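Asks: Questions regarding the structure given below will be posed in turn.
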Amino acid sequence: MQDKPITILLVEDEPVIALDIRRRLQQLGYSTLVTVTSGEEAVQRAESIAPDIILMDIILSGSLDGIDAAALLRKQISAPVIYLTAHADEATLRRAMITEPFGYILKPFEDRELHTCIEMALYKHRMESDIRNKERWFATTLRSIGDAVITLDGSGFVTIINAAAARIFEITEERATGRLFSDQFRVRDDSTGQIITTRTIQASNGQYTQPSPATVETRSGRIVPVDISVSGTIDPLDQTTGSVIVLRDATDRKRSEEVLRTSLGQLRRTFEQTVLALAVTAEKRDPYTAGHQTRVAKLACAIADLLGLHSESIEAVRVAGTLHDIGKIYIPAEILAKPGKLTGLEMDLMRTHTTVGRDILSQISFPWPVADIVHQHHERLDGSGYPNGLSAKDILQEAKILAVADVVEAMSSHRPYRPSLGLPPALDELRSGIGTAYDKDAAEACIALFDVGFTFPKD
Ligand SMILES: [Fe+2]
Ligand SMILES: [Fe+2]
């Protein structure tokens with residue numbers, strides 16, 4: 001029995017029987033009883049009595065019999081009805097069934113039978129109310145969430161479509177519910193290019209659990225990018241009973257990504273143009289080496305690529321190569337363009353271009369160690385280079401590659417103090433310095449590149 005005393009409405013027109021049932025109910029512990037003698041009175045007073053359960057005689061005096069009264073009461077209040085009657089003919093039973101009673105007791109009956117029937121009816125009614133409330137809560141939640149949700153039964157028929165889903169597909173809830181998913185929705189899986197059908201959903205067995213990009217084609221032919229996830233619904237025996245499809249409109253995300261891509265592209269172009277402008281600034285003062293940095297960058301990148309360096313390192317080599325002699329901006333033009341051999345002092349001054357380059361480039365927050373690579377591009381493995389006489393282990397790999405490309409380009413092109421030496425002597429210089437001055441891998445990759453026809457870009 002419940003903690004709160006339950007209220008029983010007894011509808012019985014025979015005073016003696018009513019009195020007997022009332023007495024028996026009281027003995028069973030049901031103390032709150034209201035007895036009425038007709039169907040009309042039951043209907044009139046039901047809302048004010050608010051019974052937890054109704055015991056209803058079927059044959060009643062008045063214009064309403066018990067079954068008619070129960071049918072009307074169902075529309076007014078939510079209370080389980082148990083019929084108490086001496087009539088068990090088929091026709092009466094069938095009429096009674098339509099009113100979905102929670103019990104049907106034939107007179108005469110035992111106290112135990114009445115007690116069990118009342119308790120079962122109360123329990124079943126409570127459970128059904130709980131389930132109905134949960135279903136209402138679930139349906140309200142589904143309808144009000146921002147994500148588009150479509151639920152399918154085991155055969156792929158739509159059981160629920162919420163407002164967000166109806167909006168995306170341009171369909172009404174009434175039109176979609178009860179129809180096959182494949183018949184009315186066109187959703188293409190972007191990763192496979194295939195239309196998602198009832199069959200693919202069923203075959204996936206709820207495996208599309210991670211949101212994945214897809215494209216919806218609406219009834220008007222509009223294309224809507226979405227992220228889709230599908231989960232299987234499982235019964236207590238672990239059998240799949242249906243599917244839940246969740247779609248999120250990805251239009252805004254796609255638009256933001258596009259804007260971001262465009263901005264990144266513009267930023268990247270600006271960055272490349274800035275790097276080139278810086279390179280040209282240095283070369284304007286030194287026409288003999290004009291284009292030298294671009295050519296070195298191209299060869300250095302090809303070497304880095306052949307050595308299998310990560311794309312980030314190749315990018316570092318490209319930017320450092322394009323700017324590696326920017327420090328020459330500090331060297332007097334007469335020294336840069338001097339046709340003869342440089343004096344010791346002039347050579348010392350010329351050598352400062354690595355440190356000046358480092359100082360200029362360290363002002364910029366590159367995502368790579370561009371300033372350090374530039375600073376080290378005249379270092380040699382055996383410590384004979386400048387400005388710091390670093391040895392192999394302290395020189396960045398990108399700087400070792402740059403050193404190789406720089407020497408080959410410089411020797412094979414014209415200089416104010418000498419004509420071009422040509423490519424073969426440049427490569428001989430590399431070969432003779434492998435392992436002592438130049439990194440073995442970088443030098444061999446450089447030689448291999450020229451073997452297969454590498455050429456410098458024209459100015
Ligand atoms: Fe240099
Ligand atoms: Fe150089």
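Residue numbering restarts at 1 in every chain; chains get A, B, ... in the order shown in the structure tokens, and ligands count up from 1 in that same order.
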Identify, counting only C-alpha atoms and all ligand atoms, the protein, DNA and RNA residues located within 8 Å of ligand 1, and give them as a VMD selection string.

Replies: chain A and resid 324 to 325 351 353 to 354 377 to 378 406

Asks: What would the file look like if the residues just selected were written as an mmCIF file, in the first residue's frame with C-alpha atoms?

Replies:
```
data_model
loop_
_atom_site.group_PDB
_atom_site.id
_atom_site.type_symbol
_atom_site.label_atom_id
_atom_site.label_comp_id
_atom_site.auth_asym_id
_atom_site.auth_seq_id
_atom_site.Cartn_x
_atom_site.Cartn_y
_atom_site.Cartn_z
ATOM 1 C CA HIS A 324 70.555 34.692 -45.660
ATOM 2 C CA ASP A 325 72.704 37.587 -46.883
ATOM 3 C CA ARG A 351 82.038 38.587 -42.355
ATOM 4 C CA HIS A 353 76.948 40.103 -42.439
ATOM 5 C CA THR A 354 76.007 36.862 -40.661
ATOM 6 C CA HIS A 377 75.302 29.786 -42.821
ATOM 7 C CA HIS A 378 79.091 30.345 -43.042
ATOM 8 C CA ASP A 406 75.322 28.963 -50.880
#
```

Asks: List as a PyMOL selection string the protein and nucleic acid residues lying within 12 Å of ligand 2, with only C-alpha atoms and all ligand atoms counted.

Replies: chain A and resi 279+282-283+286+288-297+300+320-328+350-351+353-354+357+374-378+399+402-411+413+415

Asks: Could you list, as a VMD selection string, every residue within 9 Å of Pro51 (chain A), counting only C-alpha atoms and ignoring same-chain residues fewer than 4 positions away?

Replies: chain A and resid 6 to 9 33 to 34 46 to 47 77 to 79

Asks: Go through region 229-312 of chain A residue by residue and, counting only C-alpha atoms, keep those with an atom at most 8 Å from region 433-452 of chain A; for each kept residue give the shortest atom pair and its distance in Å to one decimal, ordered by chain and increasing number, as JSON lines.

Replies:
```
{"residue": "A:Leu299", "atom": "CA", "partner": "A:Cys446", "partner_atom": "CA", "distance": 7.7}
{"residue": "A:Ala302", "atom": "CA", "partner": "A:Leu449", "partner_atom": "CA", "distance": 7.8}
{"residue": "A:Ile303", "atom": "CA", "partner": "A:Ala445", "partner_atom": "CA", "distance": 5.7}
{"residue": "A:Ala304", "atom": "CA", "partner": "A:Ala442", "partner_atom": "CA", "distance": 7.7}
{"residue": "A:Leu306", "atom": "CA", "partner": "A:Ala445", "partner_atom": "CA", "distance": 6.6}
{"residue": "A:Leu307", "atom": "CA", "partner": "A:Ala445", "partner_atom": "CA", "distance": 7.0}
```

Asks: Write out, as a PDB file, in the first residue's frame, the residues just selected, with C-alpha atoms.

Replies:
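Below is the file again_4.pdb, written as the result:
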```pdb
ATOM      1  CA  LEU A 299      68.585  24.735 -54.240  1.00  0.00           C
ATOM      2  CA  ALA A 302      65.437  20.888 -53.094  1.00  0.00           C
ATOM      3  CA  ILE A 303      68.228  19.412 -50.931  1.00  0.00           C
ATOM      4  CA  ALA A 304      66.035  19.529 -47.807  1.00  0.00           C
ATOM      5  CA  LEU A 306      65.530  15.125 -51.045  1.00  0.00           C
ATOM      6  CA  LEU A 307      66.790  14.493 -47.507  1.00  0.00           C
TER       7      LEU A 307
END
```

Asks: Could you give me, as a list in words, the residues within 6 Å of region 57-64 of chain A, counting only C-alpha atoms and dropping anything in the same chain fewer than 6 positions from it?

Replies: Val11, Glu12, Asp13, Gly39, Tyr83, Leu84 and Thr85 of chain A

Asks: Kindly export the residues of the current selection with all heavy atoms, as a PDB file, in the first residue's frame.

Replies:
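Contents of again-v3.pdb, freshly written:
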```pdb
ATOM      1  N   VAL A  11     -18.609   3.113  -7.256  1.00  0.00           N
ATOM      2  CA  VAL A  11     -19.845   3.457  -7.979  1.00  0.00           C
ATOM      3  C   VAL A  11     -20.733   2.211  -7.935  1.00  0.00           C
ATOM      4  O   VAL A  11     -20.457   1.223  -8.633  1.00  0.00           O
ATOM      5  CB  VAL A  11     -19.545   3.876  -9.437  1.00  0.00           C
ATOM      6  CG1 VAL A  11     -20.814   4.427 -10.101  1.00  0.00           C
ATOM      7  CG2 VAL A  11     -18.419   4.910  -9.493  1.00  0.00           C
ATOM      8  N   GLU A  12     -21.782   2.238  -7.118  1.00  0.00           N
ATOM      9  CA  GLU A  12     -22.628   1.049  -6.898  1.00  0.00           C
ATOM     10  C   GLU A  12     -24.039   1.527  -6.522  1.00  0.00           C
ATOM     11  O   GLU A  12     -24.205   2.298  -5.576  1.00  0.00           O
ATOM     12  CB  GLU A  12     -22.007   0.197  -5.763  1.00  0.00           C
ATOM     13  CG  GLU A  12     -22.802  -1.000  -5.331  1.00  0.00           C
ATOM     14  CD  GLU A  12     -23.058  -1.987  -6.465  1.00  0.00           C
ATOM     15  OE1 GLU A  12     -22.111  -2.643  -6.917  1.00  0.00           O
ATOM     16  OE2 GLU A  12     -24.225  -2.067  -6.925  1.00  0.00           O
ATOM     17  N   ASP A  13     -25.045   1.069  -7.272  1.00  0.00           N
ATOM     18  CA  ASP A  13     -26.400   1.577  -7.015  1.00  0.00           C
ATOM     19  C   ASP A  13     -27.202   0.706  -6.048  1.00  0.00           C
ATOM     20  O   ASP A  13     -28.280   1.089  -5.615  1.00  0.00           O
ATOM     21  CB  ASP A  13     -27.175   1.785  -8.334  1.00  0.00           C
ATOM     22  CG  ASP A  13     -27.303   0.503  -9.134  1.00  0.00           C
ATOM     23  OD1 ASP A  13     -26.595  -0.478  -8.792  1.00  0.00           O
ATOM     24  OD2 ASP A  13     -28.091   0.481 -10.094  1.00  0.00           O
ATOM     25  N   GLY A  39     -23.779   6.592 -12.532  1.00  0.00           N
ATOM     26  CA  GLY A  39     -22.698   7.012 -13.423  1.00  0.00           C
ATOM     27  C   GLY A  39     -22.649   8.526 -13.514  1.00  0.00           C
ATOM     28  O   GLY A  39     -21.570   9.132 -13.509  1.00  0.00           O
ATOM     29  N   TYR A  83     -13.710  -2.918 -12.902  1.00  0.00           N
ATOM     30  CA  TYR A  83     -15.145  -3.226 -12.964  1.00  0.00           C
ATOM     31  C   TYR A  83     -15.465  -4.319 -11.957  1.00  0.00           C
ATOM     32  O   TYR A  83     -14.716  -5.307 -11.826  1.00  0.00           O
ATOM     33  CB  TYR A  83     -15.547  -3.687 -14.364  1.00  0.00           C
ATOM     34  CG  TYR A  83     -15.514  -2.564 -15.390  1.00  0.00           C
ATOM     35  CD1 TYR A  83     -14.631  -2.604 -16.469  1.00  0.00           C
ATOM     36  CD2 TYR A  83     -16.375  -1.463 -15.272  1.00  0.00           C
ATOM     37  CE1 TYR A  83     -14.593  -1.571 -17.408  1.00  0.00           C
ATOM     38  CE2 TYR A  83     -16.338  -0.435 -16.211  1.00  0.00           C
ATOM     39  CZ  TYR A  83     -15.451  -0.493 -17.270  1.00  0.00           C
ATOM     40  OH  TYR A  83     -15.425   0.516 -18.189  1.00  0.00           O
ATOM     41  N   LEU A  84     -16.561  -4.107 -11.238  1.00  0.00           N
ATOM     42  CA  LEU A  84     -17.069  -5.140 -10.323  1.00  0.00           C
ATOM     43  C   LEU A  84     -18.450  -5.491 -10.858  1.00  0.00           C
ATOM     44  O   LEU A  84     -19.334  -4.635 -10.844  1.00  0.00           O
ATOM     45  CB  LEU A  84     -17.237  -4.599  -8.899  1.00  0.00           C
ATOM     46  CG  LEU A  84     -16.040  -3.935  -8.228  1.00  0.00           C
ATOM     47  CD1 LEU A  84     -16.463  -3.334  -6.899  1.00  0.00           C
ATOM     48  CD2 LEU A  84     -14.953  -4.982  -7.996  1.00  0.00           C
ATOM     49  N   THR A  85     -18.648  -6.706 -11.339  1.00  0.00           N
ATOM     50  CA  THR A  85     -19.939  -7.008 -11.957  1.00  0.00           C
ATOM     51  C   THR A  85     -20.284  -8.483 -11.914  1.00  0.00           C
ATOM     52  O   THR A  85     -19.378  -9.331 -11.821  1.00  0.00           O
ATOM     53  CB  THR A  85     -19.967  -6.521 -13.422  1.00  0.00           C
ATOM     54  OG1 THR A  85     -21.236  -6.782 -13.976  1.00  0.00           O
ATOM     55  CG2 THR A  85     -18.900  -7.198 -14.237  1.00  0.00           C
TER      56      THR A  85
END
```

Asks: With only C-alpha atoms as the basis for distance, which of A:Gln44, A:Gln76, A:Thr274, A:Asn162 is at the shortest distance from Ile245 (chain A)?

Replies: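 Closest to Ile245 (chain A) of all the choices is A:Asn162.
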
Asks: DSSP on the backbone: which residues in region 39-78 of chain A end up as helix (DSSP H, G or I)? Give the answer as a list of chain:residue names.

Replies: A:Gly39, A:Glu40, A:Glu41, A:Ala42, A:Val43, A:Gln44, A:Arg45, A:Ala46, A:Glu47, A:Ser48, A:Ile49, A:Gly66, A:Ile67, A:Asp68, A:Ala69, A:Ala70, A:Ala71, A:Leu72, A:Leu73, A:Arg74, A:Lys75, A:Gln76

Asks: Residues of the last selection are to be written out with N, CA, C and O atoms, as a PDB file, in the first residue's frame.

Replies:
```pdb
ATOM      1  N   GLY A  39     -23.779   6.592 -12.532  1.00  0.00           N
ATOM      2  CA  GLY A  39     -22.698   7.012 -13.423  1.00  0.00           C
ATOM      3  C   GLY A  39     -22.649   8.526 -13.514  1.00  0.00           C
ATOM      4  O   GLY A  39     -21.570   9.132 -13.509  1.00  0.00           O
ATOM      5  N   GLU A  40     -23.824   9.173 -13.580  1.00  0.00           N
ATOM      6  CA  GLU A  40     -23.880  10.643 -13.682  1.00  0.00           C
ATOM      7  C   GLU A  40     -23.212  11.306 -12.479  1.00  0.00           C
ATOM      8  O   GLU A  40     -22.426  12.237 -12.629  1.00  0.00           O
ATOM      9  N   GLU A  41     -23.525  10.766 -11.275  1.00  0.00           N
ATOM     10  CA  GLU A  41     -22.950  11.361 -10.057  1.00  0.00           C
ATOM     11  C   GLU A  41     -21.428  11.183 -10.041  1.00  0.00           C
ATOM     12  O   GLU A  41     -20.683  12.085  -9.657  1.00  0.00           O
ATOM     13  N   ALA A  42     -20.991  10.010 -10.518  1.00  0.00           N
ATOM     14  CA  ALA A  42     -19.545   9.746 -10.566  1.00  0.00           C
ATOM     15  C   ALA A  42     -18.856  10.769 -11.468  1.00  0.00           C
ATOM     16  O   ALA A  42     -17.835  11.362 -11.110  1.00  0.00           O
ATOM     17  N   VAL A  43     -19.469  11.002 -12.643  1.00  0.00           N
ATOM     18  CA  VAL A  43     -18.883  11.946 -13.602  1.00  0.00           C
ATOM     19  C   VAL A  43     -18.901  13.360 -13.012  1.00  0.00           C
ATOM     20  O   VAL A  43     -17.921  14.109 -13.130  1.00  0.00           O
ATOM     21  N   GLN A  44     -20.014  13.713 -12.357  1.00  0.00           N
ATOM     22  CA  GLN A  44     -20.150  15.060 -11.781  1.00  0.00           C
ATOM     23  C   GLN A  44     -19.117  15.335 -10.700  1.00  0.00           C
ATOM     24  O   GLN A  44     -18.525  16.404 -10.635  1.00  0.00           O
ATOM     25  N   ARG A  45     -18.900  14.332  -9.826  1.00  0.00           N
ATOM     26  CA  ARG A  45     -18.083  14.587  -8.641  1.00  0.00           C
ATOM     27  C   ARG A  45     -16.624  14.124  -8.772  1.00  0.00           C
ATOM     28  O   ARG A  45     -15.828  14.348  -7.847  1.00  0.00           O
ATOM     29  N   ALA A  46     -16.296  13.496  -9.903  1.00  0.00           N
ATOM     30  CA  ALA A  46     -14.968  12.879 -10.039  1.00  0.00           C
ATOM     31  C   ALA A  46     -13.819  13.851  -9.772  1.00  0.00           C
ATOM     32  O   ALA A  46     -12.889  13.556  -9.017  1.00  0.00           O
ATOM     33  N   GLU A  47     -13.911  15.043 -10.360  1.00  0.00           N
ATOM     34  CA  GLU A  47     -12.788  15.970 -10.230  1.00  0.00           C
ATOM     35  C   GLU A  47     -12.619  16.450  -8.804  1.00  0.00           C
ATOM     36  O   GLU A  47     -11.493  16.617  -8.314  1.00  0.00           O
ATOM     37  N   SER A  48     -13.727  16.672  -8.102  1.00  0.00           N
ATOM     38  CA  SER A  48     -13.596  17.147  -6.720  1.00  0.00           C
ATOM     39  C   SER A  48     -13.156  16.006  -5.790  1.00  0.00           C
ATOM     40  O   SER A  48     -12.404  16.225  -4.835  1.00  0.00           O
ATOM     41  N   ILE A  49     -13.578  14.789  -6.085  1.00  0.00           N
ATOM     42  CA  ILE A  49     -13.159  13.651  -5.238  1.00  0.00           C
ATOM     43  C   ILE A  49     -11.684  13.303  -5.517  1.00  0.00           C
ATOM     44  O   ILE A  49     -10.936  12.962  -4.622  1.00  0.00           O
ATOM     45  N   GLY A  66     -22.062   1.608 -16.198  1.00  0.00           N
ATOM     46  CA  GLY A  66     -20.703   1.736 -15.680  1.00  0.00           C
ATOM     47  C   GLY A  66     -19.664   1.941 -16.774  1.00  0.00           C
ATOM     48  O   GLY A  66     -18.708   2.705 -16.618  1.00  0.00           O
ATOM     49  N   ILE A  67     -19.874   1.272 -17.920  1.00  0.00           N
ATOM     50  CA  ILE A  67     -18.880   1.381 -19.005  1.00  0.00           C
ATOM     51  C   ILE A  67     -18.918   2.779 -19.626  1.00  0.00           C
ATOM     52  O   ILE A  67     -17.866   3.386 -19.868  1.00  0.00           O
ATOM     53  N   ASP A  68     -20.135   3.325 -19.847  1.00  0.00           N
ATOM     54  CA  ASP A  68     -20.254   4.692 -20.379  1.00  0.00           C
ATOM     55  C   ASP A  68     -19.625   5.694 -19.414  1.00  0.00           C
ATOM     56  O   ASP A  68     -18.913   6.619 -19.828  1.00  0.00           O
ATOM     57  N   ALA A  69     -19.908   5.478 -18.128  1.00  0.00           N
ATOM     58  CA  ALA A  69     -19.375   6.401 -17.110  1.00  0.00           C
ATOM     59  C   ALA A  69     -17.850   6.340 -17.106  1.00  0.00           C
ATOM     60  O   ALA A  69     -17.176   7.375 -17.065  1.00  0.00           O
ATOM     61  N   ALA A  70     -17.298   5.113 -17.203  1.00  0.00           N
ATOM     62  CA  ALA A  70     -15.835   4.962 -17.193  1.00  0.00           C
ATOM     63  C   ALA A  70     -15.214   5.658 -18.396  1.00  0.00           C
ATOM     64  O   ALA A  70     -14.161   6.303 -18.289  1.00  0.00           O
ATOM     65  N   ALA A  71     -15.900   5.543 -19.560  1.00  0.00           N
ATOM     66  CA  ALA A  71     -15.388   6.191 -20.769  1.00  0.00           C
ATOM     67  C   ALA A  71     -15.332   7.705 -20.574  1.00  0.00           C
ATOM     68  O   ALA A  71     -14.356   8.364 -20.974  1.00  0.00           O
ATOM     69  N   LEU A  72     -16.374   8.285 -19.928  1.00  0.00           N
ATOM     70  CA  LEU A  72     -16.379   9.739 -19.700  1.00  0.00           C
ATOM     71  C   LEU A  72     -15.336  10.134 -18.653  1.00  0.00           C
ATOM     72  O   LEU A  72     -14.649  11.153 -18.785  1.00  0.00           O
ATOM     73  N   LEU A  73     -15.211   9.297 -17.616  1.00  0.00           N
ATOM     74  CA  LEU A  73     -14.249   9.599 -16.541  1.00  0.00           C
ATOM     75  C   LEU A  73     -12.809   9.626 -17.053  1.00  0.00           C
ATOM     76  O   LEU A  73     -11.985  10.408 -16.579  1.00  0.00           O
ATOM     77  N   ARG A  74     -12.534   8.766 -18.030  1.00  0.00           N
ATOM     78  CA  ARG A  74     -11.163   8.713 -18.589  1.00  0.00           C
ATOM     79  C   ARG A  74     -10.739  10.058 -19.160  1.00  0.00           C
ATOM     80  O   ARG A  74      -9.560  10.404 -19.175  1.00  0.00           O
ATOM     81  N   LYS A  75     -11.741  10.799 -19.675  1.00  0.00           N
ATOM     82  CA  LYS A  75     -11.423  12.103 -20.277  1.00  0.00           C
ATOM     83  C   LYS A  75     -11.228  13.172 -19.201  1.00  0.00           C
ATOM     84  O   LYS A  75     -10.665  14.226 -19.447  1.00  0.00           O
ATOM     85  N   GLN A  76     -11.761  12.902 -18.005  1.00  0.00           N
ATOM     86  CA  GLN A  76     -11.712  13.908 -16.939  1.00  0.00           C
ATOM     87  C   GLN A  76     -10.499  13.747 -16.030  1.00  0.00           C
ATOM     88  O   GLN A  76      -9.841  14.710 -15.687  1.00  0.00           O
TER      89      GLN A  76
END
```

Asks: What does the distance from CA of Asp89 (chain A) to CA of Leu28 (chain A) come to in Å, to one decimal?

Replies: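 These two atoms are separated by 29.2 Å.
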
Asks: Excluding region 190-192 of chain A and residues on its chain fewer than 6 positions from it, collect all residues at most 10 Å away from it, counting only C-alpha atoms, and give them as an mmCIF file with N, CA, C and O atoms, in the first residue's frame.

Replies:
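Writing done, so here's selection_17.cif:
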```
data_model
loop_
_atom_site.group_PDB
_atom_site.id
_atom_site.type_symbol
_atom_site.label_atom_id
_atom_site.label_comp_id
_atom_site.auth_asym_id
_atom_site.auth_seq_id
_atom_site.Cartn_x
_atom_site.Cartn_y
_atom_site.Cartn_z
ATOM 1 N N SER A 212 30.479 13.188 -38.203
ATOM 2 C CA SER A 212 31.315 13.262 -39.397
ATOM 3 C C SER A 212 30.626 14.157 -40.424
ATOM 4 O O SER A 212 29.399 14.260 -40.440
ATOM 5 N N PRO A 213 31.423 14.814 -41.270
ATOM 6 C CA PRO A 213 30.838 15.767 -42.213
ATOM 7 C C PRO A 213 29.940 15.075 -43.230
ATOM 8 O O PRO A 213 30.281 14.009 -43.744
ATOM 9 N N ALA A 214 28.809 15.682 -43.489
ATOM 10 C CA ALA A 214 27.870 15.162 -44.479
ATOM 11 C C ALA A 214 27.162 16.355 -45.117
ATOM 12 O O ALA A 214 27.317 17.492 -44.680
ATOM 13 N N THR A 215 26.416 16.074 -46.181
ATOM 14 C CA THR A 215 25.711 17.134 -46.883
ATOM 15 C C THR A 215 24.251 16.755 -47.031
ATOM 16 O O THR A 215 23.945 15.654 -47.479
ATOM 17 N N PRO A 225 25.560 21.937 -45.356
ATOM 18 C CA PRO A 225 26.605 21.094 -44.747
ATOM 19 C C PRO A 225 26.222 20.784 -43.298
ATOM 20 O O PRO A 225 25.761 21.677 -42.587
ATOM 21 N N VAL A 226 26.401 19.545 -42.896
ATOM 22 C CA VAL A 226 26.063 19.153 -41.519
ATOM 23 C C VAL A 226 27.157 18.241 -40.956
ATOM 24 O O VAL A 226 27.980 17.719 -41.718
ATOM 25 N N ASP A 227 27.144 18.101 -39.638
ATOM 26 C CA ASP A 227 27.921 17.032 -39.004
ATOM 27 C C ASP A 227 26.894 16.018 -38.533
ATOM 28 O O ASP A 227 25.923 16.389 -37.880
#
```

Asks: Can you list, as a list in words, every protein, DNA or RNA residue that comes within 9 Å of Asp183 (chain A) when you count only C-alpha atoms, leaving out same-chain residues fewer than 3 positions away?

Replies: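 Contacts, with the query itself left out: Arg179, Leu180, Arg186, Thr197 and Thr198 of chain A.
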
Asks: Could you tell me, as a VMD selection string, which residues of region 11-195 of chain A DSSP assigns to strand (DSSP E or B) when given the backbone?

Replies: chain A and resid 11 32 to 36 53 to 57 81 to 85 103 to 106 148 to 153 157 to 161 180 186 to 189 195

Asks: Output N, CA and C atoms of each residue in that selection to a file, as a compact mmCIF listing (two decimals), in the first residue's frame.

Replies:
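The file below, again35.txt, is the result:
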```txt
# COMPACT_ATOMS: atom_id res chain seq x y z
N VAL A 11 -18.61 3.11 -7.26
CA VAL A 11 -19.85 3.46 -7.98
C VAL A 11 -20.73 2.21 -7.94
N THR A 32 -10.29 5.71 3.09
CA THR A 32 -10.86 6.89 2.43
C THR A 32 -11.73 6.43 1.25
N LEU A 33 -13.01 6.35 1.49
CA LEU A 33 -13.94 5.83 0.49
C LEU A 33 -15.04 6.84 0.24
N VAL A 34 -15.36 7.00 -1.06
CA VAL A 34 -16.52 7.82 -1.41
C VAL A 34 -17.42 6.92 -2.24
N THR A 35 -18.70 6.80 -1.87
CA THR A 35 -19.62 5.95 -2.63
C THR A 35 -20.62 6.84 -3.35
N VAL A 36 -20.81 6.57 -4.63
CA VAL A 36 -21.87 7.25 -5.39
C VAL A 36 -22.74 6.16 -6.00
N ILE A 53 -8.36 5.49 -7.40
CA ILE A 53 -8.83 4.31 -8.12
C ILE A 53 -10.36 4.31 -8.09
N ILE A 54 -10.96 3.74 -9.13
CA ILE A 54 -12.43 3.70 -9.20
C ILE A 54 -12.88 2.24 -9.28
N LEU A 55 -13.81 1.86 -8.38
CA LEU A 55 -14.44 0.53 -8.46
C LEU A 55 -15.82 0.76 -9.06
N MET A 56 -16.06 0.19 -10.21
CA MET A 56 -17.24 0.55 -10.99
C MET A 56 -18.14 -0.65 -11.25
N ASP A 57 -19.40 -0.55 -10.77
CA ASP A 57 -20.40 -1.55 -11.13
C ASP A 57 -20.81 -1.27 -12.58
N VAL A 81 -9.55 2.14 -13.48
CA VAL A 81 -10.91 1.66 -13.21
C VAL A 81 -10.89 0.14 -13.10
N ILE A 82 -11.55 -0.37 -12.06
CA ILE A 82 -11.76 -1.82 -11.95
C ILE A 82 -13.27 -2.04 -11.99
N TYR A 83 -13.71 -2.92 -12.90
CA TYR A 83 -15.14 -3.23 -12.96
C TYR A 83 -15.47 -4.32 -11.96
N LEU A 84 -16.56 -4.11 -11.24
CA LEU A 84 -17.07 -5.14 -10.32
C LEU A 84 -18.45 -5.49 -10.86
N THR A 85 -18.65 -6.71 -11.34
CA THR A 85 -19.94 -7.01 -11.96
C THR A 85 -20.28 -8.48 -11.91
N GLY A 103 -8.76 -3.82 -14.24
CA GLY A 103 -9.19 -5.07 -13.62
C GLY A 103 -10.67 -5.30 -13.90
N TYR A 104 -11.06 -6.54 -13.73
CA TYR A 104 -12.46 -6.93 -14.01
C TYR A 104 -12.75 -8.05 -13.02
N ILE A 105 -13.54 -7.73 -11.98
CA ILE A 105 -13.78 -8.73 -10.93
C ILE A 105 -15.24 -9.16 -10.99
N LEU A 106 -15.43 -10.46 -11.02
CA LEU A 106 -16.80 -10.99 -11.07
C LEU A 106 -17.34 -11.20 -9.67
N ALA A 148 19.52 18.86 -34.69
CA ALA A 148 18.44 18.18 -35.40
C ALA A 148 18.48 16.70 -35.03
N VAL A 149 17.33 16.16 -34.60
CA VAL A 149 17.28 14.76 -34.18
C VAL A 149 16.16 14.04 -34.92
N ILE A 150 16.50 12.87 -35.46
CA ILE A 150 15.48 12.02 -36.09
C ILE A 150 15.65 10.63 -35.47
N THR A 151 14.55 10.07 -34.98
CA THR A 151 14.66 8.70 -34.46
C THR A 151 13.92 7.77 -35.41
N LEU A 152 14.52 6.60 -35.60
CA LEU A 152 13.92 5.59 -36.50
C LEU A 152 13.62 4.33 -35.71
N ASP A 153 12.58 3.61 -36.14
CA ASP A 153 12.34 2.31 -35.51
C ASP A 153 13.22 1.28 -36.21
N PHE A 157 11.65 3.39 -40.14
CA PHE A 157 10.57 4.38 -40.23
C PHE A 157 10.79 5.46 -39.17
N VAL A 158 10.49 6.71 -39.55
CA VAL A 158 10.71 7.83 -38.64
C VAL A 158 9.68 7.78 -37.51
N THR A 159 10.20 7.82 -36.27
CA THR A 159 9.28 7.85 -35.12
C THR A 159 9.21 9.26 -34.53
N ILE A 160 10.34 9.97 -34.50
CA ILE A 160 10.33 11.36 -34.01
C ILE A 160 11.24 12.18 -34.93
N ILE A 161 10.79 13.37 -35.28
CA ILE A 161 11.67 14.33 -35.97
C ILE A 161 11.46 15.64 -35.24
N LEU A 180 9.49 6.07 -44.33
CA LEU A 180 10.85 5.54 -44.39
C LEU A 180 11.87 6.66 -44.51
N ARG A 186 17.66 13.18 -48.13
CA ARG A 186 18.89 12.92 -48.90
C ARG A 186 20.07 13.49 -48.11
N VAL A 187 20.88 12.57 -47.58
CA VAL A 187 22.07 12.97 -46.82
C VAL A 187 23.25 12.21 -47.42
N ARG A 188 24.28 12.97 -47.82
CA ARG A 188 25.45 12.33 -48.44
C ARG A 188 26.61 12.37 -47.45
N ASP A 189 27.22 11.21 -47.23
CA ASP A 189 28.39 11.12 -46.36
C ASP A 189 29.58 11.72 -47.13
N ILE A 195 25.20 8.22 -50.57
CA ILE A 195 23.97 8.64 -49.90
C ILE A 195 23.76 7.75 -48.68
```

Asks: Separation of CA of Gly453 (chain A) and CA of Arg318 (chain A), in Å?

Replies: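 Between CA of Gly453 (chain A) and CA of Arg318 (chain A) the gap is 20.3 Å.
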
Asks: Rank A:Ile234, A:Leu381, A:Ile201, A:Ala163 by their smallest atom-to-atom distance to Ala176 (chain A), using only C-alpha atoms, and report the top residue only.

Replies: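 Between A:Ile234, A:Leu381, A:Ile201, A:Ala163, the residue approaching Ala176 (chain A) most closely is A:Ala163.
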
Asks: Select, from A:Arg22, A:Arg285, A:Arg126, A:Arg199, the residue with the minimum atom-to-atom distance to Pro332 (chain A), counting only C-alpha atoms.

Replies: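 Selected residue with least distance to Pro332 (chain A): A:Arg285.
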
Asks: To one decimal place in Å, what is the distance between CA of Ser311 (chain A) and CA of Phe456 (chain A)?

Replies: 21.1 Å
